[in-house]
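Asker: If it helps, the file is called my_file14.tsv and holds TSV, C-alpha atoms and all ligand atoms:
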chain	number	residue	atom	x	y	z
C	1	MET	CA	-3.03	7.47	30.11
C	2	LYS	CA	-2.92	3.83	29.01
C	3	ALA	CA	-2.70	3.31	25.24
C	4	GLU	CA	-5.68	1.54	23.65
C	5	VAL	CA	-4.74	-1.94	22.37
C	6	LYS	CA	-6.35	-3.19	19.14
C	7	ASP	CA	-6.13	-6.56	17.40
C	8	ILE	CA	-4.64	-6.40	13.93
C	9	ALA	CA	-3.90	-9.02	11.25
C	10	ILE	CA	-2.15	-8.89	7.91
C	11	TYR	CA	-3.79	-10.19	4.75
C	12	GLY	CA	-0.96	-11.79	2.76
C	13	ALA	CA	1.62	-14.07	4.41
C	14	GLY	CA	4.33	-13.70	1.74
C	15	GLY	CA	7.47	-11.57	1.83
C	16	PHE	CA	5.62	-8.27	1.90
C	17	GLY	CA	3.29	-9.56	4.63
C	18	ARG	CA	6.28	-10.52	6.76
C	19	GLU	CA	7.85	-7.09	6.16
C	20	THR	CA	4.58	-5.48	7.23
C	21	ALA	CA	4.64	-7.54	10.45
C	22	CYS	CA	8.08	-6.04	11.12
C	23	LEU	CA	6.71	-2.57	10.38
C	24	LEU	CA	3.93	-3.06	12.95
C	25	ARG	CA	6.49	-4.15	15.51
C	26	MET	CA	8.64	-1.07	14.81
C	27	MET	CA	5.55	1.11	15.26
C	28	ASP	CA	5.02	-0.19	18.77
C	29	THR	CA	6.11	2.98	20.51
C	30	GLY	CA	3.48	2.88	23.24
C	31	MET	CA	1.37	5.48	21.42
C	32	SER	CA	-2.35	4.83	20.97
C	33	PRO	CA	-3.50	2.56	19.45
C	34	ARG	CA	-1.02	-0.18	20.23
C	35	TRP	CA	-1.37	-2.99	17.75
C	36	ASN	CA	-1.74	-6.55	19.02
C	37	PHE	CA	-0.66	-8.54	15.95
C	38	ILE	CA	-2.61	-11.81	15.89
C	39	GLY	CA	-1.45	-13.38	12.58
C	40	PHE	CA	-2.05	-13.58	8.84
C	41	PHE	CA	-4.90	-14.31	6.47
C	42	ASP	CA	-4.08	-15.82	3.11
C	43	ASP	CA	-6.10	-17.62	0.45
C	44	GLY	CA	-3.13	-19.56	-0.92
C	45	ILE	CA	-1.35	-20.69	2.24
C	46	THR	CA	-2.84	-23.39	4.43
C	47	PHE	CA	-4.41	-22.58	7.80
C	48	GLY	CA	-1.87	-23.02	10.63
C	49	THR	CA	1.23	-22.51	8.46
C	50	GLU	CA	3.68	-20.50	10.52
C	51	ASN	CA	6.46	-18.07	9.64
C	52	GLU	CA	8.77	-16.24	12.02
C	53	TYR	CA	6.11	-13.59	12.79
C	54	GLY	CA	2.90	-15.57	13.17
C	55	LYS	CA	0.43	-18.14	11.91
C	56	VAL	CA	-2.01	-18.19	9.03
C	57	LEU	CA	-5.40	-17.86	10.73
C	58	GLY	CA	-7.50	-18.63	7.67
C	59	ASN	CA	-8.82	-17.21	4.42
C	60	ILE	CA	-11.52	-14.80	3.30
C	61	ASP	CA	-14.28	-17.04	4.74
C	62	THR	CA	-12.54	-17.07	8.13
C	63	LEU	CA	-12.25	-13.29	8.02
C	64	ASN	CA	-15.89	-12.87	7.12
C	65	SER	CA	-16.93	-14.90	10.16
C	66	TRP	CA	-14.55	-13.14	12.63
C	67	ASN	CA	-16.74	-12.26	15.58
C	68	LYS	CA	-14.88	-9.38	17.21
C	69	PRO	CA	-13.26	-6.14	16.10
C	70	LEU	CA	-10.18	-6.66	13.97
C	71	ALA	CA	-8.04	-4.28	11.92
C	72	ILE	CA	-6.76	-5.65	8.61
C	73	VAL	CA	-3.80	-4.52	6.52
C	74	PHE	CA	-3.57	-5.80	2.96
C	75	ALA	CA	0.13	-6.55	2.35
C	76	ILE	CA	-0.13	-7.66	-1.26
C	77	GLY	CA	1.80	-6.12	-4.15
C	78	SER	CA	-0.80	-6.72	-6.86
C	79	PRO	CA	-3.24	-3.76	-6.99
C	80	LYS	CA	-5.99	-5.84	-8.63
C	81	THR	CA	-5.75	-8.53	-5.96
C	82	VAL	CA	-6.12	-5.95	-3.19
C	83	GLU	CA	-9.16	-4.44	-4.90
C	84	SER	CA	-10.74	-7.84	-5.42
C	85	LEU	CA	-10.11	-8.96	-1.83
C	86	TYR	CA	-11.54	-5.77	-0.37
C	87	SER	CA	-14.70	-6.29	-2.42
C	88	LYS	CA	-15.08	-9.72	-0.76
C	89	VAL	CA	-14.85	-8.50	2.83
C	90	ALA	CA	-18.36	-8.54	4.27
C	91	ASN	CA	-17.99	-8.24	8.03
C	92	ALA	CA	-18.77	-5.11	10.07
C	93	ASN	CA	-16.14	-6.16	12.65
C	94	ILE	CA	-13.35	-5.45	10.21
C	95	ASP	CA	-11.76	-2.07	9.71
C	96	PHE	CA	-8.82	-0.84	7.67
C	97	PRO	CA	-6.50	1.62	9.42
C	98	ASN	CA	-3.71	3.53	7.75
C	99	ILE	CA	-0.33	2.16	8.77
C	100	ILE	CA	2.31	4.86	8.89
C	101	GLY	CA	5.85	3.53	9.27
C	102	PRO	CA	8.54	5.04	11.48
C	103	GLY	CA	10.51	7.97	10.14
C	104	THR	CA	7.75	9.08	7.74
C	105	ILE	CA	7.50	12.85	7.52
C	106	PHE	CA	4.33	14.82	6.81
C	107	VAL	CA	5.52	18.28	5.83
C	108	ASP	CA	2.12	19.70	6.84
C	109	LYS	CA	-0.10	17.00	8.32
C	110	ASP	CA	-3.06	19.40	8.49
C	111	ASN	CA	-2.90	19.86	4.73
C	112	VAL	CA	-3.03	16.22	3.61
C	113	LYS	CA	-6.17	14.19	2.83
C	114	ILE	CA	-5.83	10.47	3.33
C	115	GLY	CA	-8.42	7.70	3.09
C	116	LYS	CA	-8.18	4.27	4.69
C	117	GLY	CA	-6.21	1.07	4.36
C	118	ASN	CA	-3.00	2.70	3.14
C	119	ILE	CA	0.45	1.43	4.08
C	120	ILE	CA	3.00	4.21	4.17
C	121	GLY	CA	6.24	2.38	4.87
C	122	GLY	CA	9.20	3.73	6.79
C	123	ARG	CA	10.98	6.97	5.89
C	124	CYS	CA	8.48	8.28	3.35
C	125	SER	CA	8.06	12.01	2.87
C	126	ILE	CA	4.65	13.52	2.10
C	127	SER	CA	4.62	17.17	1.10
C	128	CYS	CA	1.82	19.71	1.46
C	129	ASN	CA	-1.65	19.61	-0.11
C	130	VAL	CA	-1.42	15.93	-1.04
C	131	GLU	CA	-4.50	13.72	-1.55
C	132	ILE	CA	-4.22	9.98	-1.04
C	133	GLY	CA	-7.21	7.66	-1.57
C	134	ASN	CA	-7.62	4.16	-0.16
C	135	PHE	CA	-5.53	0.96	-0.07
C	136	ASN	CA	-2.35	2.37	-1.55
C	137	THR	CA	1.05	1.00	-0.62
C	138	PHE	CA	4.09	3.25	-0.42
C	139	ASN	CA	6.74	0.67	0.21
C	140	GLY	CA	9.38	2.72	2.06
C	141	ASN	CA	11.49	5.75	1.18
C	142	VAL	CA	8.84	7.07	-1.22
C	143	ILE	CA	8.77	10.85	-1.75
C	144	ILE	CA	5.46	12.49	-2.64
C	145	GLY	CA	5.67	16.09	-3.78
C	146	HIS	CA	3.31	19.00	-3.15
C	147	ASP	CA	-0.21	18.92	-4.65
C	148	ALA	CA	0.08	15.28	-5.76
C	149	ILE	CA	-3.20	13.36	-6.08
C	150	ILE	CA	-3.10	9.59	-5.73
C	151	GLY	CA	-6.19	7.41	-6.27
C	152	ASN	CA	-6.85	3.93	-4.90
C	153	TYR	CA	-5.09	0.53	-4.87
C	154	ASN	CA	-1.74	1.76	-6.18
C	155	SER	CA	1.43	-0.14	-5.24
C	156	ILE	CA	4.39	2.21	-5.20
C	157	MET	CA	7.65	0.40	-4.62
C	158	PRO	CA	10.63	1.59	-2.55
C	159	SER	CA	12.50	4.80	-3.33
C	160	CYS	CA	10.05	6.15	-5.92
C	161	ASN	CA	9.92	9.89	-6.39
C	162	ILE	CA	6.43	11.20	-7.15
C	163	SER	CA	7.05	14.85	-7.99
C	164	GLY	CA	4.86	17.86	-7.24
C	165	GLY	CA	1.48	18.04	-8.95
C	166	VAL	CA	1.54	14.46	-10.21
C	167	MET	CA	-1.83	12.69	-10.59
C	168	ILE	CA	-1.96	8.91	-10.32
C	169	GLY	CA	-5.20	7.04	-10.97
C	170	ASN	CA	-6.08	3.58	-9.68
C	171	ARG	CA	-4.47	0.11	-9.59
C	172	ASN	CA	-1.06	1.17	-10.86
C	173	PHE	CA	2.14	-0.64	-9.95
C	174	ILE	CA	5.15	1.68	-9.93
C	175	GLY	CA	8.44	-0.22	-9.87
C	176	VAL	CA	11.25	0.36	-7.44
C	177	ASN	CA	13.27	3.57	-7.79
C	178	SER	CA	11.06	5.16	-10.46
C	179	VAL	CA	10.65	8.90	-10.95
C	180	ILE	CA	7.47	10.64	-12.10
C	181	LEU	CA	8.23	14.15	-13.26
C	182	GLN	CA	6.24	17.09	-12.01
C	183	TYR	CA	2.61	17.55	-13.12
C	184	LYS	CA	2.58	14.31	-15.15
C	185	THR	CA	-0.42	12.00	-14.97
C	186	ILE	CA	-0.65	8.23	-14.92
C	187	ALA	CA	-4.13	6.91	-15.70
C	188	ASP	CA	-5.33	3.50	-14.38
C	189	ASP	CA	-3.98	-0.07	-14.56
C	190	CYS	CA	-0.40	0.71	-15.56
C	191	VAL	CA	2.86	-0.98	-14.65
C	192	ILE	CA	5.90	1.27	-14.56
C	193	GLY	CA	9.14	-0.74	-14.73
C	194	ALA	CA	11.85	-0.49	-12.13
C	195	SER	CA	13.98	2.68	-12.33
C	196	SER	CA	11.85	4.24	-15.05
C	197	VAL	CA	11.45	7.98	-15.57
C	198	VAL	CA	7.93	9.06	-16.55
C	199	MET	CA	8.34	12.24	-18.61
C	200	ARG	CA	5.05	12.22	-20.53
C	201	ASN	CA	1.45	11.73	-19.44
C	202	ILE	CA	0.43	8.08	-19.51
C	203	LYS	CA	-3.15	7.84	-20.70
C	204	GLN	CA	-3.56	4.15	-21.58
C	205	PRO	CA	-3.21	1.00	-19.44
C	206	GLY	CA	-0.01	-0.91	-20.18
C	207	THR	CA	3.57	-1.52	-19.13
C	208	TYR	CA	6.00	1.37	-19.48
C	209	VAL	CA	9.76	1.10	-18.96
C	210	GLY	CA	12.98	3.04	-19.28
C	211	ASN	CA	14.20	6.62	-19.29
C	212	PRO	CA	12.11	8.11	-20.76
C	213	ALA	CA	9.40	5.54	-19.99
C	214	ASN	CA	7.93	4.07	-23.17
C	215	LYS	CA	5.21	1.49	-23.63
C	216	LEU	CA	6.34	-2.13	-23.94
C	217	GLU	CA	4.63	-3.83	-26.86
C	218	PHE	CA	4.32	-7.54	-26.10
C	301	LIG	C1	8.42	-3.86	-16.25
C	301	LIG	C2	8.39	-5.31	-15.80
C	301	LIG	C3	7.10	-5.55	-15.00
C	301	LIG	C4	8.40	-6.14	-17.07
C	301	LIG	O1	8.44	-7.49	-16.74
C	301	LIG	P1	8.13	-8.59	-17.90
C	301	LIG	O2	6.75	-8.36	-18.39
C	301	LIG	O3	8.46	-9.92	-17.30
C	301	LIG	O4	9.08	-8.17	-19.07
C	301	LIG	P2	10.51	-8.76	-19.50
C	301	LIG	O5	11.40	-8.97	-18.32
C	301	LIG	O6	10.26	-9.89	-20.42
C	301	LIG	O7	11.12	-7.52	-20.33
C	301	LIG	C5	10.59	-7.14	-21.56
C	301	LIG	C6	11.54	-6.10	-22.16
C	301	LIG	O8	11.49	-4.91	-21.38
C	301	LIG	C7	12.79	-4.59	-20.85
C	301	LIG	N1	12.61	-4.15	-19.47
C	301	LIG	C8	11.96	-4.80	-18.49
C	301	LIG	N2	11.96	-4.09	-17.37
C	301	LIG	C9	12.63	-2.95	-17.64
C	301	LIG	C10	12.96	-1.82	-16.86
C	301	LIG	N3	12.57	-1.72	-15.59
C	301	LIG	N4	13.64	-0.82	-17.46
C	301	LIG	C11	14.03	-0.91	-18.76
C	301	LIG	N5	13.73	-1.98	-19.56
C	301	LIG	C12	13.04	-2.98	-19.00
C	301	LIG	C13	13.56	-5.89	-20.92
C	301	LIG	O9	14.94	-5.65	-21.03
C	301	LIG	C14	12.99	-6.51	-22.18
C	301	LIG	O10	13.57	-5.90	-23.30
C	301	LIG	P3	13.87	-6.72	-24.67
C	301	LIG	O11	12.52	-7.20	-25.15
C	301	LIG	O12	14.50	-5.70	-25.55
C	301	LIG	O13	14.77	-7.83	-24.27
C	301	LIG	C15	9.60	-5.66	-14.88
C	301	LIG	O14	10.81	-5.78	-15.61
C	301	LIG	C16	9.82	-4.64	-13.77
C	301	LIG	O15	10.56	-3.65	-13.91
C	301	LIG	N6	9.13	-4.89	-12.63
C	301	LIG	C17	9.19	-4.04	-11.47
C	301	LIG	C18	9.89	-4.80	-10.34
C	301	LIG	C19	9.81	-4.08	-9.03
C	301	LIG	O16	9.89	-2.88	-8.94
C	301	LIG	N7	9.62	-4.88	-7.97
C	301	LIG	C20	9.49	-4.37	-6.63
C	301	LIG	C21	10.68	-4.72	-5.82
C	301	LIG	S1	10.53	-4.16	-4.21
Would it be possible to restate this file's structure as structure tokens?
Ligand SMILES: CC(C)(COP(=O)(O)OP(=O)(O)OC[C@H]1O[C@@H](n2cnc3c(N)ncnc32)[C@H](O)[C@@H]1OP(=O)(O)O)[C@@H](O)C(=O)NCCC(=O)NCCS
Answerer:
Amino acid sequence: MKAEVKDIAIYGAGGFGRETACLLRMMDTGMSPRWNFIGFFDDGITFGTENEYGKVLGNIDTLNSWNKPLAIVFAIGSPKTVESLYSKVANANIDFPNIIGPGTIFVDKDNVKIGKGNIIGGRCSISCNVEIGNFNTFNGNVIIGHDAIIGNYNSIMPSCNISGGVMIGNRNFIGVNSVILQYKTIADDCVIGASSVVMRNIKQPGTYVGNPANKLEF
């Protein structure tokens, strides 16, 4: 049977957007759907600007007047920017698939709940009874333990280890190579510094760094 082909574009033409274009290309295994990558949308880079993977097709206004079905992936590291952009999309032609990179393992795919618009980069591992909301990024080699619950718009950088039973709220940025110990919670709007170890529940927005992770007072 011939695989269905769908148009897809990436919102965000920066480094992460270009990486996501590579991810889409690596996913082209002939399985359905096959993604036909048509280019980037970006509000800060001029229409027609080209990188090695494609052209900038326009901005949010262009997207809102797109007149045929198009899948969009937000490839933007800032959780608040992703949330804000999604709130501006007003076009029934647009949908937001989950992008699951090559080598990602679902320990029990029948026992995972997952929303829409998530990027799960290559070689992630998702254990059993995990809940993942919408528009999260797991930027490669991320491990998510059993019974973890992850909200919306979180950006989880490469090689993070989210242990079993962890609860993560919304709009958190978790720096590269961080570890969240089992059954700890992270509320909303936090930044966890690179290589930090979260050993206590984090209840307040803020920036937390180190091992153990402590709040940075600016
Ligand atoms: C936490 C972070 C956001 C803070 O950035 P910032 O607001 O610019 O803060 P500064 O660099 O001024 O650092 C402030 C203090 O925190 C310390 N600090 C910053 N990041 C730290 C980290 N990850 N671990 C331990 N200490 C850290 C600094 O040494 C500095 O300490 P000092 O005041 O005693 O000198 C940033 O350092 C970070 O870790 N970002 C994550 C990067 C990442 O994962 N990117 C993704 C790559 S794929």
Asker: For a quick check of understanding, using only C-alpha atoms, which of C:Phe74, C:Met26, C:Ile100, C:Ser32 has the smallest distance to Gly14 of chain C?
Answerer: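 Using only C-alpha atoms, the shortest distance to Gly14 of chain C belongs to C:Phe74.
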Asker: Which one of C:Ala75, C:Leu70, C:Cys128, C:Ala194 sits closest to Glu19 of chain C if you count only C-alpha atoms?
Answerer: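 Of the candidates, the smallest distance to Glu19 of chain C is held by C:Ala75.
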Asker: Could you tell me which of C:Ser159, C:Gln204, C:Asn67, C:Gln182 comes closest to ligand LIG 301 (chain C) if we count all atoms listed in the file?
Answerer: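 Counting all atoms listed in the file, the residue closest to ligand LIG 301 (chain C) is C:Ser159.
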Asker: Nearest to Val73 of chain C among C:Gly151, C:Gly164, C:Gly17, C:Gly121, with distances taken over only C-alpha atoms: which residue is it?
Answerer: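 When distances to Val73 of chain C are compared using only C-alpha atoms, the smallest one comes from C:Gly17.
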Asker: Write out as JSON lines a residue-level contact list of chain C versus ligand LIG 301 (chain C) with cut-off 7 Å: for each qualifying residue the closest pair of atoms and the distance in Å to one decimal, counting all atoms listed in the file, rows sorted by chain and residue number upward.
Answerer:
{"residue": "C:Met157", "atom": "CA", "partner": "C:LIG301", "partner_atom": "S1", "distance": 5.4}
{"residue": "C:Pro158", "atom": "CA", "partner": "C:LIG301", "partner_atom": "S1", "distance": 6.0}
{"residue": "C:Ile174", "atom": "CA", "partner": "C:LIG301", "partner_atom": "O16", "distance": 6.7}
{"residue": "C:Gly175", "atom": "CA", "partner": "C:LIG301", "partner_atom": "O16", "distance": 3.2}
{"residue": "C:Val176", "atom": "CA", "partner": "C:LIG301", "partner_atom": "O16", "distance": 3.8}
{"residue": "C:Val191", "atom": "CA", "partner": "C:LIG301", "partner_atom": "C3", "distance": 6.2}
{"residue": "C:Ile192", "atom": "CA", "partner": "C:LIG301", "partner_atom": "C1", "distance": 6.0}
{"residue": "C:Gly193", "atom": "CA", "partner": "C:LIG301", "partner_atom": "O15", "distance": 3.3}
{"residue": "C:Ala194", "atom": "CA", "partner": "C:LIG301", "partner_atom": "N3", "distance": 3.7}
{"residue": "C:Ser195", "atom": "CA", "partner": "C:LIG301", "partner_atom": "N3", "distance": 5.7}
{"residue": "C:Ser196", "atom": "CA", "partner": "C:LIG301", "partner_atom": "N4", "distance": 5.9}
{"residue": "C:Thr207", "atom": "CA", "partner": "C:LIG301", "partner_atom": "C1", "distance": 6.1}
{"residue": "C:Tyr208", "atom": "CA", "partner": "C:LIG301", "partner_atom": "C1", "distance": 6.6}
{"residue": "C:Val209", "atom": "CA", "partner": "C:LIG301", "partner_atom": "N4", "distance": 4.6}
{"residue": "C:Gly210", "atom": "CA", "partner": "C:LIG301", "partner_atom": "C11", "distance": 4.1}
{"residue": "C:Leu216", "atom": "CA", "partner": "C:LIG301", "partner_atom": "O8", "distance": 6.4}
Asker: What does the structure give for the distance between atom CA of Asn139 of chain C and atom CA of Ile119 of chain C, in Å to one decimal?
Answerer: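 Distance reported for this atom pair: 7.4 Å.
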Asker: Which polymer residues have any atom within 10 Å of an atom of Val89 of chain C, counting only C-alpha atoms, with same-chain residues fewer than 2 positions away left out, as a PyMOL selection string?
Answerer: chain C and resi 60-61+63-65+84-87+91-92+94-95
Asker: Distance cut-off 9 Å, centre (-3.4, 12.2, -6.4) in file coordinates, counting only C-alpha atoms: which residues qualify? Return them as number ranges by chain.
Answerer: C: 130-133, 147-151, 165-169
Asker: For those residues, write C-alpha atoms to a file as a PDB file, keeping the file's coordinate frame.
Answerer:
ATOM      1  CA  VAL C 130      -1.420  15.930  -1.040  1.00  0.00           C
ATOM      2  CA  GLU C 131      -4.500  13.720  -1.550  1.00  0.00           C
ATOM      3  CA  ILE C 132      -4.220   9.980  -1.040  1.00  0.00           C
ATOM      4  CA  GLY C 133      -7.210   7.660  -1.570  1.00  0.00           C
ATOM      5  CA  ASP C 147      -0.210  18.920  -4.650  1.00  0.00           C
ATOM      6  CA  ALA C 148       0.080  15.280  -5.760  1.00  0.00           C
ATOM      7  CA  ILE C 149      -3.200  13.360  -6.080  1.00  0.00           C
ATOM      8  CA  ILE C 150      -3.100   9.590  -5.730  1.00  0.00           C
ATOM      9  CA  GLY C 151      -6.190   7.410  -6.270  1.00  0.00           C
ATOM     10  CA  GLY C 165       1.480  18.040  -8.950  1.00  0.00           C
ATOM     11  CA  VAL C 166       1.540  14.460 -10.210  1.00  0.00           C
ATOM     12  CA  MET C 167      -1.830  12.690 -10.590  1.00  0.00           C
ATOM     13  CA  ILE C 168      -1.960   8.910 -10.320  1.00  0.00           C
ATOM     14  CA  GLY C 169      -5.200   7.040 -10.970  1.00  0.00           C
TER      15      GLY C 169
END
Asker: What is the distance, in Å and to one decimal place, between atom CA of Arg200 of chain C and atom CA of Lys184 of chain C?
Answerer: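 Value for the atom CA of Arg200 of chain C-atom CA of Lys184 of chain C distance: 6.3 Å.
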Asker: Nearest to Asn177 of chain C: which of C:Val142, C:Ile8, C:Asn152, C:Pro212 is it, counting all atoms listed in the file?
Answerer: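 Looking only at the distances to Asn177 of chain C, the closest residue turns out to be C:Val142.
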Asker: Please provide as a ChimeraX atom specification all residues within 9 Å of Gly122 of chain C, with the sequence filter that same-chain residues fewer than 6 positions apart are discarded (counting all atoms listed in the file).
Answerer: /C:23,100-104,138-142
Asker: Within 9 Å of (2.5, -16.8, 5.7), in the coordinates the file gives, what residues turn up when you count all atoms listed in the file, written out as a VMD selection string?
Answerer: chain C and resid 12 to 15 17 to 18 39 to 42 45 to 46 49 to 56
Asker: Do you have the atom CA of Tyr11 of chain C-atom CA of Arg34 of chain C distance handy?
Answerer: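 These atoms are spaced 18.6 Å apart.
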